[in-house]
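Student: The structure file entry_32.txt (compact mmCIF, N, CA and C atoms) is provided below.
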# COMPACT_ATOMS: atom_id res chain seq x y z
N MET A 22 -43.61 -34.60 68.57
CA MET A 22 -43.21 -35.36 67.42
C MET A 22 -42.98 -34.40 66.27
N ARG A 23 -42.10 -34.75 65.41
CA ARG A 23 -41.73 -33.86 64.35
C ARG A 23 -41.49 -34.64 63.06
N LEU A 24 -41.96 -34.10 61.96
CA LEU A 24 -41.63 -34.71 60.67
C LEU A 24 -40.17 -34.46 60.38
N TRP A 25 -39.57 -35.34 59.66
CA TRP A 25 -38.16 -35.18 59.32
C TRP A 25 -37.98 -33.93 58.50
N LYS A 26 -36.75 -33.44 58.47
CA LYS A 26 -36.46 -32.26 57.66
C LYS A 26 -36.34 -32.70 56.20
N TRP A 27 -37.36 -32.36 55.43
CA TRP A 27 -37.39 -32.72 54.01
C TRP A 27 -37.18 -31.48 53.19
N ASP A 28 -36.38 -31.58 52.15
CA ASP A 28 -36.28 -30.52 51.18
C ASP A 28 -37.40 -30.78 50.19
N VAL A 29 -38.48 -30.01 50.31
CA VAL A 29 -39.68 -30.29 49.53
C VAL A 29 -39.45 -30.19 48.03
N ARG A 30 -38.37 -29.55 47.63
CA ARG A 30 -38.08 -29.46 46.19
C ARG A 30 -37.79 -30.84 45.61
N HIS A 31 -37.43 -31.79 46.45
CA HIS A 31 -37.05 -33.11 45.97
C HIS A 31 -38.15 -34.16 46.17
N LEU A 32 -39.28 -33.76 46.71
CA LEU A 32 -40.34 -34.74 46.96
C LEU A 32 -40.87 -35.37 45.69
N ASP A 33 -41.05 -34.57 44.64
CA ASP A 33 -41.56 -35.14 43.39
C ASP A 33 -40.63 -36.22 42.87
N ALA A 34 -39.33 -35.97 42.93
CA ALA A 34 -38.36 -36.97 42.47
C ALA A 34 -38.35 -38.19 43.37
N LEU A 35 -38.50 -37.99 44.67
CA LEU A 35 -38.52 -39.10 45.62
C LEU A 35 -39.68 -40.05 45.34
N PHE A 36 -40.83 -39.50 44.96
CA PHE A 36 -42.02 -40.31 44.74
C PHE A 36 -42.21 -40.73 43.29
N GLU A 37 -41.39 -40.25 42.40
CA GLU A 37 -41.53 -40.58 40.98
C GLU A 37 -41.39 -42.08 40.76
N GLY A 38 -42.31 -42.63 39.98
CA GLY A 38 -42.28 -44.05 39.64
C GLY A 38 -42.82 -44.97 40.72
N ARG A 39 -43.27 -44.41 41.83
CA ARG A 39 -43.83 -45.23 42.91
C ARG A 39 -45.28 -45.57 42.57
N PRO A 40 -45.76 -46.72 43.04
CA PRO A 40 -47.17 -47.06 42.79
C PRO A 40 -48.10 -46.11 43.55
N ASP A 41 -49.35 -46.06 43.12
CA ASP A 41 -50.35 -45.18 43.76
C ASP A 41 -50.57 -45.53 45.22
N THR A 42 -50.45 -46.80 45.56
CA THR A 42 -50.68 -47.29 46.92
C THR A 42 -49.39 -47.89 47.44
N LEU A 43 -49.01 -47.50 48.66
CA LEU A 43 -47.75 -47.97 49.25
C LEU A 43 -48.03 -48.80 50.50
N SER A 44 -47.20 -49.79 50.73
CA SER A 44 -47.28 -50.59 51.95
C SER A 44 -46.46 -49.90 53.04
N VAL A 45 -46.61 -50.37 54.26
CA VAL A 45 -45.82 -49.84 55.37
C VAL A 45 -44.34 -50.05 55.09
N GLN A 46 -43.97 -51.21 54.59
CA GLN A 46 -42.56 -51.48 54.29
C GLN A 46 -42.04 -50.53 53.21
N GLU A 47 -42.83 -50.27 52.18
CA GLU A 47 -42.40 -49.35 51.13
C GLU A 47 -42.20 -47.94 51.67
N VAL A 48 -43.09 -47.49 52.55
CA VAL A 48 -42.95 -46.16 53.16
C VAL A 48 -41.71 -46.13 54.04
N ALA A 49 -41.49 -47.18 54.82
CA ALA A 49 -40.30 -47.24 55.67
C ALA A 49 -39.04 -47.15 54.82
N ASP A 50 -38.97 -47.90 53.74
CA ASP A 50 -37.81 -47.86 52.86
C ASP A 50 -37.64 -46.49 52.22
N LEU A 51 -38.74 -45.91 51.77
CA LEU A 51 -38.73 -44.62 51.10
C LEU A 51 -38.22 -43.51 52.01
N LEU A 52 -38.66 -43.54 53.28
CA LEU A 52 -38.33 -42.47 54.21
C LEU A 52 -37.13 -42.79 55.10
N GLY A 53 -36.56 -43.98 54.93
CA GLY A 53 -35.41 -44.36 55.74
C GLY A 53 -35.80 -44.59 57.20
N MET A 54 -36.96 -45.16 57.40
CA MET A 54 -37.49 -45.41 58.74
C MET A 54 -37.62 -46.90 58.98
N THR A 55 -38.00 -47.24 60.21
CA THR A 55 -38.34 -48.62 60.52
C THR A 55 -39.84 -48.80 60.34
N LYS A 56 -40.26 -50.05 60.17
CA LYS A 56 -41.70 -50.32 60.10
C LYS A 56 -42.41 -49.88 61.38
N PRO A 57 -41.87 -50.17 62.58
CA PRO A 57 -42.55 -49.70 63.79
C PRO A 57 -42.69 -48.16 63.82
N GLY A 58 -41.72 -47.47 63.29
CA GLY A 58 -41.81 -46.01 63.23
C GLY A 58 -42.94 -45.54 62.33
N VAL A 59 -43.10 -46.21 61.20
CA VAL A 59 -44.20 -45.88 60.27
C VAL A 59 -45.53 -46.20 60.92
N TYR A 60 -45.62 -47.36 61.58
CA TYR A 60 -46.87 -47.71 62.28
C TYR A 60 -47.21 -46.66 63.34
N LYS A 61 -46.20 -46.18 64.07
CA LYS A 61 -46.45 -45.15 65.08
C LYS A 61 -46.96 -43.88 64.44
N TRP A 62 -46.35 -43.45 63.34
CA TRP A 62 -46.81 -42.25 62.64
C TRP A 62 -48.24 -42.43 62.15
N LEU A 63 -48.57 -43.62 61.65
CA LEU A 63 -49.95 -43.88 61.20
C LEU A 63 -50.92 -43.80 62.38
N LYS A 64 -50.57 -44.47 63.47
CA LYS A 64 -51.43 -44.49 64.66
C LYS A 64 -51.63 -43.09 65.23
N ASP A 65 -50.55 -42.28 65.23
CA ASP A 65 -50.60 -40.92 65.79
C ASP A 65 -51.18 -39.90 64.81
N GLY A 66 -51.44 -40.31 63.57
CA GLY A 66 -52.01 -39.41 62.59
C GLY A 66 -51.01 -38.45 61.97
N VAL A 67 -49.72 -38.73 62.13
CA VAL A 67 -48.68 -37.88 61.54
C VAL A 67 -48.71 -37.99 60.02
N ILE A 68 -48.91 -39.21 59.54
CA ILE A 68 -49.06 -39.44 58.10
C ILE A 68 -50.40 -40.11 57.86
N PRO A 69 -51.00 -39.87 56.70
CA PRO A 69 -52.31 -40.46 56.42
C PRO A 69 -52.16 -41.92 55.99
N GLY A 70 -53.13 -42.70 56.37
CA GLY A 70 -53.14 -44.10 55.97
C GLY A 70 -54.51 -44.69 56.22
N TYR A 71 -54.71 -45.86 55.69
CA TYR A 71 -55.99 -46.55 55.77
C TYR A 71 -55.75 -47.97 56.23
N LYS A 72 -56.54 -48.41 57.19
CA LYS A 72 -56.41 -49.77 57.69
C LYS A 72 -57.62 -50.57 57.23
N VAL A 73 -57.36 -51.66 56.55
CA VAL A 73 -58.39 -52.58 56.09
C VAL A 73 -58.05 -53.93 56.72
N GLY A 74 -58.90 -54.36 57.63
CA GLY A 74 -58.59 -55.57 58.37
C GLY A 74 -57.37 -55.30 59.23
N SER A 75 -56.33 -56.08 59.04
CA SER A 75 -55.09 -55.87 59.80
C SER A 75 -54.00 -55.21 58.96
N SER A 76 -54.32 -54.84 57.73
CA SER A 76 -53.32 -54.28 56.82
C SER A 76 -53.51 -52.78 56.63
N TRP A 77 -52.41 -52.07 56.66
CA TRP A 77 -52.41 -50.63 56.39
C TRP A 77 -51.98 -50.40 54.95
N PHE A 78 -52.51 -49.36 54.33
CA PHE A 78 -51.98 -48.89 53.07
C PHE A 78 -51.98 -47.37 53.08
N ILE A 79 -51.07 -46.82 52.30
CA ILE A 79 -50.84 -45.38 52.26
C ILE A 79 -50.94 -44.94 50.81
N LEU A 80 -51.71 -43.90 50.56
CA LEU A 80 -51.81 -43.36 49.20
C LEU A 80 -50.61 -42.45 48.95
N ARG A 81 -49.89 -42.75 47.90
CA ARG A 81 -48.66 -42.03 47.57
C ARG A 81 -48.85 -40.51 47.57
N ASP A 82 -49.87 -40.03 46.86
CA ASP A 82 -50.04 -38.58 46.73
C ASP A 82 -50.43 -37.92 48.04
N GLU A 83 -51.19 -38.62 48.88
CA GLU A 83 -51.54 -38.07 50.20
C GLU A 83 -50.30 -37.97 51.08
N LEU A 84 -49.45 -38.98 51.03
CA LEU A 84 -48.21 -38.95 51.81
C LEU A 84 -47.31 -37.82 51.34
N LYS A 85 -47.18 -37.70 50.02
CA LYS A 85 -46.33 -36.65 49.47
C LYS A 85 -46.82 -35.27 49.89
N GLU A 86 -48.11 -35.04 49.83
CA GLU A 86 -48.65 -33.73 50.20
C GLU A 86 -48.54 -33.47 51.71
N THR A 87 -48.68 -34.52 52.51
CA THR A 87 -48.50 -34.38 53.95
C THR A 87 -47.07 -33.99 54.27
N LEU A 88 -46.12 -34.64 53.62
CA LEU A 88 -44.72 -34.28 53.84
C LEU A 88 -44.44 -32.86 53.36
N ARG A 89 -45.01 -32.50 52.23
CA ARG A 89 -44.80 -31.15 51.70
C ARG A 89 -45.37 -30.10 52.66
N ALA A 90 -46.57 -30.34 53.17
CA ALA A 90 -47.23 -29.37 54.05
C ALA A 90 -46.59 -29.33 55.44
N GLY A 91 -46.03 -30.45 55.89
CA GLY A 91 -45.52 -30.50 57.25
C GLY A 91 -44.02 -30.41 57.36
N ALA A 92 -43.33 -30.16 56.28
CA ALA A 92 -41.88 -30.12 56.33
C ALA A 92 -41.40 -29.08 57.32
N ASN A 93 -40.55 -29.54 58.24
CA ASN A 93 -39.91 -28.68 59.24
C ASN A 93 -40.89 -27.98 60.16
N ILE A 94 -42.10 -28.50 60.31
CA ILE A 94 -43.06 -27.92 61.23
C ILE A 94 -43.12 -28.81 62.46
N ALA A 95 -42.83 -28.24 63.60
CA ALA A 95 -42.86 -29.03 64.84
C ALA A 95 -44.30 -29.38 65.16
N GLN A 96 -44.52 -30.63 65.50
CA GLN A 96 -45.83 -31.10 65.91
C GLN A 96 -45.96 -30.89 67.41
N PRO A 97 -47.17 -30.69 67.93
CA PRO A 97 -47.34 -30.50 69.37
C PRO A 97 -46.84 -31.71 70.14
N GLU A 98 -46.16 -31.45 71.23
CA GLU A 98 -45.67 -32.53 72.08
C GLU A 98 -46.83 -33.14 72.83
N GLN A 99 -46.83 -34.46 72.95
CA GLN A 99 -47.86 -35.13 73.72
C GLN A 99 -47.33 -35.33 75.14
N THR A 100 -48.15 -35.02 76.10
CA THR A 100 -47.72 -35.18 77.50
C THR A 100 -48.31 -36.40 78.12
Transcribe the structure of this file into structure tokens.
Tutor:
Amino acid sequence: MRLWKWDVRHLDALFEGRPDTLSVQEVADLLGMTKPGVYKWLKDGVIPGYKVGSSWFILRDELKETLRAGANIAQPEQT
């Protein structure tokens, strides 16, 4: 699995004005993904998130830093 190719210079602008806590739908819209794709990344630990009951939430700054740290870094393949 691999994080998308992000130009980290633009991450601050991408996240500017976003609330501190993001929903799965907001992350999907922000990253141009589907909700199932975001759920898979959450389940696989690719992006950080918190599950309370049946609802997931993502902290904006944690997501931004994860994308910044993992930009263009190949993740180990799962067999």
Student: Given only C-alpha atoms as the basis, pick out the residue of A:Ser76, A:Leu35, A:Pro69, A:Lys64 nearest to Asp50 (chain A).
Tutor: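 Using only C-alpha atoms, the shortest distance to Asp50 (chain A) belongs to A:Leu35.
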Student: Skip region 79-81 of chain A itself and residues of its chain fewer than 3 positions away, then list as a PyMOL selection string all residues within 6 Å of it, counting only N, CA and C atoms.
Tutor: chain A and resi 40-44+69-71+84-86
Student: Can those selected residues be exported to a file as a short mmCIF file (atom, residue, chain, number, x, y, z; two decimals), in the coordinates of the input so that it contains N, CA and C atoms?
Tutor:
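Saved result, part-v8.cif, follows:
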data_model
loop_
_atom_site.label_atom_id
_atom_site.label_comp_id
_atom_site.auth_asym_id
_atom_site.auth_seq_id
_atom_site.Cartn_x
_atom_site.Cartn_y
_atom_site.Cartn_z
N PRO A 40 -45.76 -46.72 43.04
CA PRO A 40 -47.17 -47.06 42.79
C PRO A 40 -48.10 -46.11 43.55
N ASP A 41 -49.35 -46.06 43.12
CA ASP A 41 -50.35 -45.18 43.76
C ASP A 41 -50.57 -45.53 45.22
N THR A 42 -50.45 -46.80 45.56
CA THR A 42 -50.68 -47.29 46.92
C THR A 42 -49.39 -47.89 47.44
N LEU A 43 -49.01 -47.50 48.66
CA LEU A 43 -47.75 -47.97 49.25
C LEU A 43 -48.03 -48.80 50.50
N SER A 44 -47.20 -49.79 50.73
CA SER A 44 -47.28 -50.59 51.95
C SER A 44 -46.46 -49.90 53.04
N PRO A 69 -51.00 -39.87 56.70
CA PRO A 69 -52.31 -40.46 56.42
C PRO A 69 -52.16 -41.92 55.99
N GLY A 70 -53.13 -42.70 56.37
CA GLY A 70 -53.14 -44.10 55.97
C GLY A 70 -54.51 -44.69 56.22
N TYR A 71 -54.71 -45.86 55.69
CA TYR A 71 -55.99 -46.55 55.77
C TYR A 71 -55.75 -47.97 56.23
N LEU A 84 -49.45 -38.98 51.03
CA LEU A 84 -48.21 -38.95 51.81
C LEU A 84 -47.31 -37.82 51.34
N LYS A 85 -47.18 -37.70 50.02
CA LYS A 85 -46.33 -36.65 49.47
C LYS A 85 -46.82 -35.27 49.89
N GLU A 86 -48.11 -35.04 49.83
CA GLU A 86 -48.65 -33.73 50.20
C GLU A 86 -48.54 -33.47 51.71
#
Student: Please measure the separation of CA of Lys56 (chain A) and CA of Lys72 (chain A), giving the value in Å to one decimal.
Tutor: 14.9 Å
Student: Can you tell me, as a VMD selection string, what residues are no more than 8 Å from Gln46 (chain A) when counting all atoms listed in the file, ignoring any on the same chain fewer than 5 positions away?
Tutor: chain A and resid 51 to 52 55 to 56 59
Student: One decimal, in Å: what's the spacing between CA of Ala49 (chain A) and CA of Ile68 (chain A)?
Tutor: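 Atom-to-atom, CA of Ala49 (chain A) and CA of Ile68 (chain A) are spaced 12.0 Å apart.
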Student: How far is it from atom N of Phe36 (chain A) to atom C of Gly74 (chain A), in Å with one decimal?
Tutor: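 Answer for the atom N of Phe36 (chain A) to atom C of Gly74 (chain A) separation: 27.0 Å.
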Student: Taking only C-alpha atoms into account, name the residue in A:Met54, A:Val67, A:Gly38, A:His31 that is nearest to Glu83 (chain A).
Tutor: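 Result for the nearest residue to Glu83 (chain A): A:Val67.
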